[in-house]
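Dropping work_23.txt in here (compact mmCIF, C-alpha atoms):
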# COMPACT_ATOMS: atom_id res chain seq x y z
CA MET A 1 148.01 106.09 114.66
CA ALA A 2 144.44 107.21 115.32
CA ASP A 3 143.42 107.06 111.67
CA SER A 4 143.82 103.30 111.64
CA ALA A 5 140.51 102.99 113.50
CA VAL A 6 138.52 104.93 110.91
CA GLU A 7 135.46 102.96 109.91
CA ILE A 8 133.38 105.68 108.30
CA LEU A 9 134.86 108.38 106.11
CA LEU A 10 132.37 111.25 105.84
CA VAL A 11 133.07 113.56 102.89
CA GLU A 12 130.89 116.61 103.46
CA ASP A 13 131.57 120.33 103.13
CA ASN A 14 128.41 121.78 104.70
CA PRO A 15 129.13 122.35 108.43
CA SER A 16 125.47 121.94 109.42
CA ASP A 17 125.22 118.64 107.58
CA VAL A 18 128.41 117.46 109.31
CA LYS A 19 126.97 118.33 112.74
CA LEU A 20 123.64 116.68 111.94
CA ALA A 21 125.34 113.55 110.64
CA LEU A 22 127.60 113.30 113.70
CA HIS A 23 124.58 113.77 115.94
CA ALA A 24 122.80 110.94 114.15
CA PHE A 25 125.91 108.74 114.41
CA ARG A 26 126.11 109.45 118.16
CA ARG A 27 122.44 108.58 118.53
CA HIS A 28 123.18 105.14 117.14
CA ARG A 29 126.59 104.79 118.86
CA LEU A 30 128.45 104.88 115.57
CA ALA A 31 130.35 108.13 116.17
CA ASN A 32 133.61 106.76 117.55
CA HIS A 33 135.21 105.91 114.26
CA VAL A 34 134.05 108.65 111.94
CA HIS A 35 136.59 110.78 110.16
CA VAL A 36 135.32 113.94 108.46
CA VAL A 37 136.97 115.54 105.44
CA ARG A 38 135.60 118.80 104.10
CA ASP A 39 136.32 118.71 100.37
CA GLY A 40 137.10 116.29 97.56
CA ALA A 41 140.82 117.06 97.51
CA GLU A 42 141.19 116.18 101.20
CA ALA A 43 139.15 113.01 100.63
CA LEU A 44 141.59 111.88 97.94
CA GLU A 45 144.60 112.74 100.13
CA PHE A 46 143.09 110.68 102.94
CA LEU A 47 142.21 107.70 100.76
CA PHE A 48 145.49 107.63 98.85
CA CYS A 49 147.64 108.69 101.80
CA THR A 50 149.26 111.73 100.24
CA ASP A 51 150.01 115.32 101.41
CA ARG A 52 148.21 115.93 104.72
CA TYR A 53 147.75 112.17 105.14
CA ALA A 54 151.16 111.03 103.88
CA THR A 55 151.84 109.06 107.07
CA ARG A 56 148.63 107.05 106.87
CA ASP A 57 148.78 103.42 105.75
CA ILE A 58 146.71 102.80 102.62
CA ALA A 59 145.88 99.30 103.85
CA ASP A 60 143.84 100.88 106.68
CA ARG A 61 140.78 101.26 104.55
CA PRO A 62 137.60 102.80 105.94
CA ARG A 63 134.72 100.33 106.08
CA VAL A 64 132.51 102.71 104.13
CA ILE A 65 132.74 106.14 102.47
CA LEU A 66 129.77 108.50 102.77
CA LEU A 67 130.17 110.93 99.92
CA ASP A 68 128.39 114.18 99.16
CA LEU A 69 128.43 114.96 95.44
CA LYS A 70 128.67 118.72 95.50
CA LEU A 71 132.04 119.51 97.03
CA PRO A 72 134.63 122.28 96.76
CA LEU A 73 137.87 121.74 94.79
CA VAL A 74 137.28 118.16 93.59
CA ASP A 75 133.63 117.13 93.26
CA GLY A 76 132.12 113.90 94.53
CA LEU A 77 131.90 112.28 91.09
CA GLU A 78 135.66 112.70 90.63
CA VAL A 79 136.37 111.25 94.08
CA LEU A 80 134.13 108.29 93.19
CA ARG A 81 135.85 107.87 89.81
CA GLN A 82 139.32 107.74 91.43
CA VAL A 83 138.29 105.46 94.30
CA LYS A 84 136.61 102.96 91.98
CA GLY A 85 139.41 103.26 89.42
CA ASP A 86 142.22 102.17 91.75
CA ASP A 87 142.77 98.56 92.79
CA ARG A 88 143.85 99.65 96.28
CA THR A 89 140.55 101.41 97.03
CA LYS A 90 137.91 100.04 94.68
CA MET A 91 136.63 97.48 97.22
CA ILE A 92 135.63 100.22 99.71
CA PRO A 93 131.85 100.60 99.60
CA VAL A 94 130.83 104.13 98.61
CA VAL A 95 127.43 105.50 99.62
CA VAL A 96 126.48 108.75 97.93
CA LEU A 97 124.50 111.00 100.24
CA THR A 98 123.14 113.92 98.32
CA SER A 99 120.52 116.66 98.46
CA SER A 100 118.58 115.91 95.36
CA HIS A 101 117.07 113.16 93.36
CA GLU A 102 118.80 114.15 90.15
CA ASP A 103 118.47 111.53 87.41
CA LYS A 104 121.74 112.27 85.68
CA ASP A 105 123.68 111.94 88.96
CA ILE A 106 122.03 108.61 89.72
CA VAL A 107 122.97 107.26 86.30
CA GLU A 108 126.53 108.60 86.43
CA THR A 109 127.30 107.41 89.96
CA HIS A 110 126.04 103.91 89.15
CA ARG A 111 128.10 103.87 85.98
CA LEU A 112 131.13 104.65 88.15
CA GLY A 113 130.30 101.77 90.51
CA VAL A 114 128.64 103.45 93.50
CA ASN A 115 127.30 100.97 96.07
CA SER A 116 124.31 103.01 97.17
CA TYR A 117 122.68 106.35 96.42
CA ILE A 118 120.69 108.09 99.13
CA VAL A 119 118.83 111.41 99.05
CA LYS A 120 119.22 113.17 102.41
CA PRO A 121 115.72 113.72 103.78
CA VAL A 122 114.84 117.14 105.23
CA ASP A 123 113.13 115.40 108.16
CA PHE A 124 115.87 114.74 110.76
CA ASP A 125 114.14 111.66 112.16
CA GLN A 126 114.16 110.10 108.71
CA PHE A 127 117.80 111.10 108.27
CA SER A 128 118.68 109.53 111.60
CA GLU A 129 116.94 106.32 110.51
CA VAL A 130 118.94 106.33 107.25
CA VAL A 131 122.16 106.65 109.27
CA ARG A 132 121.11 103.78 111.53
CA GLN A 133 120.43 101.52 108.56
CA LEU A 134 123.71 102.55 106.90
CA GLY A 135 125.65 101.69 110.03
CA PHE A 136 123.81 98.42 110.43
CA TYR A 137 124.28 97.33 106.85
CA TRP A 138 127.77 98.56 105.98
CA LEU A 139 129.45 98.11 109.36
CA LEU A 140 127.74 95.02 110.75
CA LEU A 141 126.36 92.96 107.89
CA ASN A 142 128.59 93.67 104.95
CA HIS A 143 131.87 91.81 104.58
CA THR A 144 134.44 93.38 102.32
CA PRO A 145 137.42 91.43 100.98
CA PRO A 146 140.56 91.57 103.16
CA PRO A 147 143.11 94.36 102.46
CA THR A 148 145.41 91.98 100.54
CA ALA A 149 142.92 91.78 97.68
CA MET B 1 111.27 129.79 53.29
CA THR B 2 113.79 128.72 55.89
CA ASN B 3 117.14 130.22 56.56
CA PRO B 4 119.61 127.56 57.79
CA ASP B 5 121.76 130.17 59.59
CA ARG B 6 118.79 131.49 61.52
CA ASP B 7 117.67 127.92 62.31
CA ASP B 8 121.08 127.11 63.77
CA ASP B 9 121.07 130.34 65.72
CA PHE B 10 117.64 129.54 67.12
CA LYS B 11 118.66 126.00 68.06
CA ALA B 12 121.80 127.27 69.81
CA ARG B 13 119.79 129.80 71.81
CA LEU B 14 117.17 127.21 72.69
CA ALA B 15 119.89 124.83 73.90
CA ALA B 16 121.40 127.63 76.00
CA VAL B 17 118.05 128.47 77.61
CA THR B 18 117.35 124.78 78.30
CA ALA B 19 120.78 124.35 79.90
CA GLU B 20 120.18 127.43 82.04
CA LEU B 21 116.78 126.07 83.15
CA ASP B 22 118.36 122.73 84.01
CA ALA B 23 121.01 124.47 86.11
CA PHE B 24 118.32 126.55 87.79
CA SER B 25 116.18 123.54 88.65
CA TYR B 26 119.24 121.64 89.93
CA ALA B 27 120.15 124.60 92.16
CA VAL B 28 116.59 124.84 93.49
CA ALA B 29 116.45 121.13 94.21
CA HIS B 30 119.92 120.82 95.72
CA ASP B 31 120.96 124.10 97.28
CA LEU B 32 117.66 125.19 98.83
CA ARG B 33 117.25 121.90 100.63
CA ALA B 34 120.52 122.09 102.59
CA PRO B 35 119.58 125.06 104.82
CA LEU B 36 116.16 123.48 105.38
CA ARG B 37 117.78 120.33 106.70
CA ALA B 38 119.63 122.51 109.22
CA VAL B 39 116.47 124.37 110.28
CA GLU B 40 114.50 121.15 110.67
CA GLY B 41 117.31 119.07 112.15
CA PHE B 42 118.53 121.48 114.81
CA SER B 43 114.97 122.37 115.91
CA ARG B 44 114.35 118.68 116.31
CA ILE B 45 117.57 118.15 118.26
CA VAL B 46 116.79 121.07 120.61
CA MET B 47 113.29 119.69 121.18
CA GLU B 48 114.56 116.22 121.99
CA ASP B 49 117.80 116.85 123.85
CA TYR B 50 116.61 119.87 125.85
CA ALA B 51 112.95 118.96 126.24
CA ALA B 52 113.14 119.12 130.04
CA ASP B 53 114.47 122.71 129.96
CA LEU B 54 111.90 124.05 127.52
CA PRO B 55 108.64 125.66 128.57
CA GLU B 56 105.55 124.38 126.79
CA ASP B 57 105.22 127.41 124.48
CA ALA B 58 108.89 127.21 123.46
CA ARG B 59 108.29 123.63 122.32
CA ALA B 60 105.20 124.74 120.42
CA TYR B 61 107.19 127.46 118.60
CA LEU B 62 109.85 124.94 117.66
CA ASP B 63 107.09 122.73 116.30
CA ASP B 64 106.04 125.64 114.09
CA VAL B 65 109.63 126.10 112.90
CA ARG B 66 109.84 122.43 111.95
CA GLY B 67 106.41 122.45 110.33
CA ALA B 68 107.40 125.42 108.16
CA ALA B 69 110.67 123.79 107.11
CA LEU B 70 108.94 120.53 106.13
CA ARG B 71 106.30 122.47 104.26
CA MET B 72 108.92 124.37 102.32
CA ALA B 73 110.65 121.09 101.48
CA LYS B 74 107.37 119.84 99.98
CA MET B 75 107.04 123.06 97.99
CA ILE B 76 110.55 122.63 96.61
CA ASP B 77 109.74 119.05 95.60
CA ALA B 78 106.60 120.28 93.83
CA LEU B 79 108.49 123.06 92.09
CA VAL B 80 111.06 120.60 90.77
CA ILE B 81 108.36 118.19 89.50
CA PHE B 82 106.50 121.10 87.93
CA SER B 83 109.55 122.43 86.09
CA ARG B 84 110.62 118.97 84.90
CA LEU B 85 107.18 118.33 83.46
CA SER B 86 107.67 120.82 80.67
CA ARG B 87 110.78 119.06 79.41
CA GLN B 88 110.09 115.40 80.19
CA PRO B 89 109.34 113.38 77.04
CA LEU B 90 105.86 111.82 76.80
CA PHE B 91 105.26 108.16 75.96
CA PRO B 92 101.56 108.10 75.07
CA ARG B 93 99.75 104.90 74.23
CA VAL B 94 96.15 103.71 74.30
CA MET B 95 95.57 103.05 77.96
CA ASP B 96 92.91 101.39 80.08
CA HIS B 97 92.03 103.82 82.84
CA ALA B 98 90.05 101.32 84.92
CA GLU B 99 93.08 99.58 86.42
CA THR B 100 94.91 102.86 87.00
CA VAL B 101 91.88 104.33 88.77
CA ARG B 102 91.49 101.22 90.90
CA GLN B 103 95.10 101.52 92.12
CA CYS B 104 94.79 105.26 92.65
CA VAL B 105 91.61 104.85 94.71
CA ALA B 106 93.43 102.39 96.96
CA GLU B 107 96.23 104.92 97.39
CA ALA B 108 94.12 108.06 97.75
CA VAL B 109 91.60 106.73 100.28
CA PRO B 110 93.41 106.13 103.58
CA PRO B 111 92.20 103.11 105.59
CA GLU B 112 90.73 105.35 108.30
CA ALA B 113 88.57 107.11 105.67
CA ALA B 114 87.43 103.93 103.92
CA GLY B 115 84.31 103.70 106.08
CA ARG B 116 82.98 107.16 105.27
CA VAL B 117 84.09 107.43 101.61
CA GLU B 118 82.25 105.63 98.84
CA VAL B 119 83.90 105.69 95.41
CA ARG B 120 81.68 104.84 92.43
CA VAL B 121 83.61 104.15 89.27
CA GLY B 122 81.64 104.22 86.01
CA GLU B 123 82.71 103.41 82.49
CA LEU B 124 86.10 104.82 81.52
CA LEU B 125 86.67 105.33 77.79
CA PRO B 126 90.10 104.47 76.40
CA GLY B 127 92.31 107.43 75.57
CA ARG B 128 95.83 108.04 74.33
CA ALA B 129 98.07 109.05 77.20
CA ASP B 130 101.32 108.44 79.05
CA PRO B 131 100.13 106.04 81.78
CA GLY B 132 102.77 107.04 84.34
CA LEU B 133 101.87 110.71 84.10
CA ILE B 134 98.09 110.23 83.87
CA ARG B 135 98.33 108.20 87.06
CA LEU B 136 99.49 111.41 88.79
CA VAL B 137 96.42 113.20 87.41
CA TRP B 138 94.02 110.58 88.78
CA LEU B 139 95.85 110.58 92.11
CA ALA B 140 95.65 114.36 92.37
CA LEU B 141 91.92 114.46 91.56
CA LEU B 142 91.01 111.55 93.83
CA GLY B 143 93.21 112.87 96.65
CA ASN B 144 91.59 116.26 96.24
CA ALA B 145 88.10 114.75 96.44
CA VAL B 146 88.96 112.73 99.55
CA LYS B 147 90.46 115.80 101.21
CA PHE B 148 87.54 118.13 100.52
CA THR B 149 84.89 115.62 101.58
CA GLY B 150 86.69 115.25 104.93
CA ALA B 151 83.81 116.91 106.80
CA ARG B 152 81.14 114.65 105.25
CA ALA B 153 79.87 111.70 107.27
CA ALA B 154 78.99 110.01 103.96
CA ALA B 155 81.28 111.14 101.18
CA VAL B 156 80.46 110.06 97.65
CA ILE B 157 83.07 110.31 94.92
CA GLU B 158 82.00 109.51 91.38
CA VAL B 159 84.48 108.73 88.62
CA GLY B 160 83.42 108.48 84.99
CA SER B 161 83.85 109.61 81.42
CA ARG B 162 81.91 110.83 78.40
CA PRO B 163 82.74 111.44 74.75
CA GLY B 164 83.71 115.07 74.09
CA PRO B 165 84.21 117.12 70.92
CA ALA B 166 88.02 116.63 70.86
CA GLY B 167 88.32 113.28 72.60
CA PRO B 168 87.17 111.51 75.76
CA GLU B 169 86.46 113.59 78.85
CA TYR B 170 86.97 112.15 82.32
CA PHE B 171 85.60 113.45 85.59
CA VAL B 172 85.90 113.10 89.35
CA ARG B 173 82.88 114.46 91.22
CA ASP B 174 82.50 114.83 94.97
CA ASN B 175 79.92 116.05 97.47
CA GLY B 176 82.48 117.95 99.53
CA ALA B 177 83.23 121.55 100.46
CA GLY B 178 83.14 122.90 96.88
CA PHE B 179 84.09 126.51 96.09
CA GLU B 180 82.84 129.74 94.47
CA MET B 181 83.09 129.53 90.67
CA GLN B 182 84.62 133.02 90.53
CA TYR B 183 87.80 131.48 91.98
CA ALA B 184 87.80 128.49 89.61
CA ASP B 185 90.90 129.63 87.69
CA LYS B 186 92.93 130.11 90.86
CA LEU B 187 92.55 126.41 91.61
CA PHE B 188 95.19 125.41 89.12
CA GLY B 189 97.83 127.98 90.05
CA LEU B 190 100.98 126.66 91.73
CA PHE B 191 100.72 127.03 95.54
CA GLN B 192 97.25 128.59 95.26
CA ARG B 193 94.88 127.50 97.94
CA MET B 194 91.12 127.90 98.18
CA HIS B 195 90.86 127.22 101.88
CA ARG B 196 92.78 128.14 104.98
CA ALA B 197 95.79 125.93 105.72
CA GLU B 198 94.37 124.66 109.00
CA GLU B 199 91.12 123.54 107.33
CA PHE B 200 92.73 121.45 104.59
CA PRO B 201 96.46 120.67 104.64
CA GLY B 202 98.68 120.62 101.57
CA VAL B 203 100.90 123.01 99.66
CA GLY B 204 98.56 123.54 96.71
CA ALA B 205 100.62 121.93 93.98
CA ASP B 206 98.80 118.74 92.95
CA LEU B 207 96.17 120.38 90.76
CA ALA B 208 98.75 122.65 89.09
CA ILE B 209 100.86 119.59 88.30
CA ALA B 210 97.79 117.67 87.07
CA ARG B 211 96.71 120.49 84.75
CA ARG B 212 100.21 120.77 83.30
CA ILE B 213 100.30 117.02 82.60
CA VAL B 214 96.95 117.20 80.80
CA ALA B 215 98.09 120.26 78.83
CA ARG B 216 101.25 118.41 77.75
CA HIS B 217 98.94 115.74 76.30
CA GLY B 218 97.05 118.38 74.34
CA GLY B 219 94.04 118.10 76.65
CA ARG B 220 92.26 120.53 78.92
CA MET B 221 91.36 120.54 82.62
CA TRP B 222 88.57 122.51 84.25
CA ALA B 223 86.28 122.44 87.26
CA GLU B 224 82.68 123.17 88.21
CA ALA B 225 81.49 123.67 91.76
CA ALA B 226 79.30 125.50 94.25
CA PRO B 227 80.22 126.23 97.87
CA ASP B 228 79.12 123.37 100.09
CA HIS B 229 77.66 121.49 97.13
CA GLY B 230 80.73 119.61 95.98
CA ALA B 231 83.03 119.96 93.01
CA SER B 232 83.53 118.24 89.66
CA PHE B 233 86.91 118.15 87.97
CA TYR B 234 87.15 117.32 84.28
CA PHE B 235 90.00 116.60 81.91
CA SER B 236 90.07 115.71 78.23
CA LEU B 237 92.57 113.60 76.34
CA PRO B 238 93.23 112.97 72.64
CA PRO B 239 91.03 110.17 71.23
CA ALA B 240 92.26 106.57 71.33
CA GLU B 241 91.84 106.26 67.56
CA PRO B 242 93.26 108.95 65.32
CA VAL B 243 90.42 111.07 63.90
CA HIS B 244 90.01 110.77 60.13
CA GLY B 245 88.33 113.07 57.66
Exercise: express the given structure as structure tokens:
Amino acid sequence: MADSAVEILLVEDNPSDVKLALHAFRRHRLANHVHVVRDGAEALEFLFCTDRYATRDIADRPRVILLDLKLPLVDGLEVLRQVKGDDRTKMIPVVVLTSSHEDKDIVETHRLGVNSYIVKPVDFDQFSEVVRQLGFYWLLLNHTPPPTA
Amino acid sequence: MTNPDRDDDFKARLAAVTAELDAFSYAVAHDLRAPLRAVEGFSRIVMEDYAADLPEDARAYLDDVRGAALRMAKMIDALVIFSRLSRQPLFPRVMDHAETVRQCVAEAVPPEAAGRVEVRVGELLPGRADPGLIRLVWLALLGNAVKFTGARAAAVIEVGSRPGPAGPEYFVRDNGAGFEMQYADKLFGLFQRMHRAEEFPGVGADLAIARRIVARHGGRMWAEAAPDHGASFYFSLPPAEPVHG
């Protein structure tokens, strides 16, 4: 099924931020394999293949998760906690993309095992550059262990 | 006489107010930035992807939209720093200002200004301060001096110190635009500006932040100036050695 080609899982509730991110992905030809989920509950269903995503195969792991922290229903910290707490998903790199440079969030996300923490810049050109580097690093350079791990 | 019940009550209320302030500052930092990203981002996308369809003045207006959004983002950043400063713990120690000033001069004087700006650093008395925070004070004062000597072909910025009644006093003096002394108190207000935005850029937060840092140390910050005859900014710090007697 189509989900098997997902390389980037974007967890973001703000529609403008979704559009801006997709625009930046398109700019750097990274848009083909992005799947967007709009709240933390849907992110967990996608990652653990339950409810709306019950037919997905959990071995088809996204190459990277881009996670906003402030989300409806289940917040980003809880998504991170569950992803890093489960052997089937803990190898997926998680990049937190958030609005603010909040010390307690930085400490907490690192404690939970986040791979990177990025403050979304207001300047779109800078944001686009961040997306380019993310794509380059997590999709091209980084090698994650095979799904049998 | 202390009343333990009233003490507990006071502590509980203080904790509640602090938690509310934290939530407020988090909301300002996080929630106000999201719409700004949309304003800035979509203006930028329209300018780039539809450039050929846009008349010259339409592009100029979009530039203004973006400029305003970026400016507001800077103001939000300043507001967050300013509000954190009142709660952040201080780690004062006896510090050597010479090295800090040297680094701040390198940062505050851009390479293109190096030819026209001369910085003379005199003796800097030791004082008790949190080096990380005092660095921001030096940066603000030096940056301010560089900015307001922008019109001078030969700008001279003097940095020095002198003993004061309550502890060492430090100064940064320039031969720049200066200002009327009747407005001297406005200088340190958040987002207050003494000059029109197109003359000197900036959101007007650095001096407010600098004064708050000095106040947190128990010191004082003030300025002396005359229009077109430069300005001197002073700040005092507690003495390096505790005062006896």
Spatial neighbours of Ile8 of chain A, 12 Å, all atoms listed in the file, chain gap at least 4 places, as JSON, numbers by chain
{"A": [3, 4, 21, 22, 25, 30, 31, 32, 33, 34, 35, 36, 37, 47, 60, 61, 62, 63, 64, 65, 66, 67, 92, 93, 94, 95, 131, 134, 135, 138, 139]}
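The part of chain A that reaches within 6 Å of chain B is made up of A:Ser16, A:Ser99, A:Ser100, A:Val122, A:Phe124, counting all atoms listed in the file.
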Figure out the distance between atom CA of Leu20 of chain A and atom CA of Val114 of chain A, please, to one decimal in Å.
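Calculated distance between atom CA of Val114 of chain A and atom CA of Leu20 of chain A is 23.2 Å.
With only C-alpha atoms as the atoms that count, the minimum distance from Gly40 of chain A to the choices A:Asp75, A:Glu129, A:Asp13, A:Asp123 is reached by A:Asp75.
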Pick the closest to Gly127 of chain B from B:His229, B:Arg13, B:Arg93, B:Arg84: which is it, counting all atoms listed in the file?
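Using all atoms listed in the file, the shortest distance to Gly127 of chain B belongs to B:Arg93.
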Calculate how many Å separate atom CA of Glu112 of chain B from atom CA of Asp206 of chain B, rounding to one decimal.
21.9 Å
For atom CA of Thr98 of chain A and atom CA of Val119 of chain A, determine how far apart the two atoms are, in Å to one decimal place.
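The value is 5.0 Å.
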Please provide as number ranges by chain all residues within 9 Å of segment 150-166 of chain B, with the sequence filter that same-chain residues fewer than 4 positions apart are discarded (counting only C-alpha atoms).
B: 101, 113, 115-125, 142, 145-146, 170-177, 200, 219, 234, 236-239
For the point (143.3, 111.9, 98.5) in file coordinates, what residues are within 12 Å, counting all atoms listed in the file? Give the answer as a ChimeraX atom specification?
/A:9,11,37-54,56,58,73-74,78-80,82-83,86,89
Which one of A:Leu112, A:Val130, A:Arg26, A:Pro15 sits closest to Gly85 of chain A if you count all atoms listed in the file?
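Among the listed residues, A:Leu112 lies closest to Gly85 of chain A.
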Residue nearest Ala231 of chain B among B:Glu99, B:Glu169, B:Asp7, B:Glu180 (counting only C-alpha atoms):
B:Glu180
Check the smallest atom-to-atom distance from each of B:Gly167, B:Leu190, B:Ala23, B:His195 to Met75 of chain B using all atoms listed in the file, then report the winner.
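Residue with the minimum atom-to-atom distance to Met75 of chain B: B:Leu190.
With only C-alpha atoms as the atoms that count, the residue of A:Val6, A:His23, A:Asn14, A:Ile118 with the shortest distance to Glu48 of chain B is A:His23.
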How would you write as a list in words the residues that get within 12 Å of (85.7, 131.6, 93.2) in the file's frame, counting only C-alpha atoms?
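The distance filter leaves exactly Gly178, Phe179, Glu180, Met181, Gln182, Tyr183, Ala184, Asp185, Lys186, Leu187, Arg193, Met194, His195, Ala223, Glu224, Ala225, Ala226, Pro227 and Ala231 of chain B.
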Could segment 26-41 of chain B be completed with N, CA and C atoms and written as a short mmCIF file (atom, residue, chain, number, x, y, z; two decimals), in the frame of the given file, please?
data_model
loop_
_atom_site.label_atom_id
_atom_site.label_comp_id
_atom_site.auth_asym_id
_atom_site.auth_seq_id
_atom_site.Cartn_x
_atom_site.Cartn_y
_atom_site.Cartn_z
N TYR B 26 118.30 122.40 89.11
CA TYR B 26 119.24 121.64 89.93
C TYR B 26 119.57 122.43 91.20
N ALA B 27 119.81 123.75 91.01
CA ALA B 27 120.15 124.60 92.16
C ALA B 27 118.99 124.65 93.14
N VAL B 28 117.76 124.78 92.61
CA VAL B 28 116.59 124.84 93.49
C VAL B 28 116.49 123.53 94.29
N ALA B 29 116.64 122.43 93.57
CA ALA B 29 116.45 121.13 94.21
C ALA B 29 117.55 120.86 95.24
N HIS B 30 118.77 121.22 94.91
CA HIS B 30 119.92 120.82 95.72
C HIS B 30 120.24 121.86 96.79
N ASP B 31 120.43 123.09 96.36
CA ASP B 31 120.96 124.10 97.28
C ASP B 31 119.94 124.62 98.27
N LEU B 32 118.66 124.67 97.89
CA LEU B 32 117.66 125.19 98.83
C LEU B 32 117.31 124.17 99.90
N ARG B 33 117.59 122.91 99.64
CA ARG B 33 117.25 121.90 100.63
C ARG B 33 118.22 121.88 101.80
N ALA B 34 119.50 122.21 101.55
CA ALA B 34 120.52 122.09 102.59
C ALA B 34 120.21 122.97 103.81
N PRO B 35 119.92 124.27 103.63
CA PRO B 35 119.58 125.06 104.82
C PRO B 35 118.31 124.56 105.51
N LEU B 36 117.39 124.00 104.75
CA LEU B 36 116.16 123.48 105.38
C LEU B 36 116.46 122.29 106.28
N ARG B 37 117.40 121.46 105.84
CA ARG B 37 117.78 120.33 106.70
C ARG B 37 118.32 120.84 108.03
N ALA B 38 119.09 121.94 107.98
CA ALA B 38 119.63 122.51 109.22
C ALA B 38 118.51 123.05 110.09
N VAL B 39 117.57 123.78 109.50
CA VAL B 39 116.47 124.37 110.28
C VAL B 39 115.66 123.25 110.95
N GLU B 40 115.32 122.24 110.15
CA GLU B 40 114.50 121.15 110.67
C GLU B 40 115.29 120.33 111.69
N GLY B 41 116.51 119.98 111.33
CA GLY B 41 117.31 119.07 112.15
C GLY B 41 117.66 119.66 113.52
#
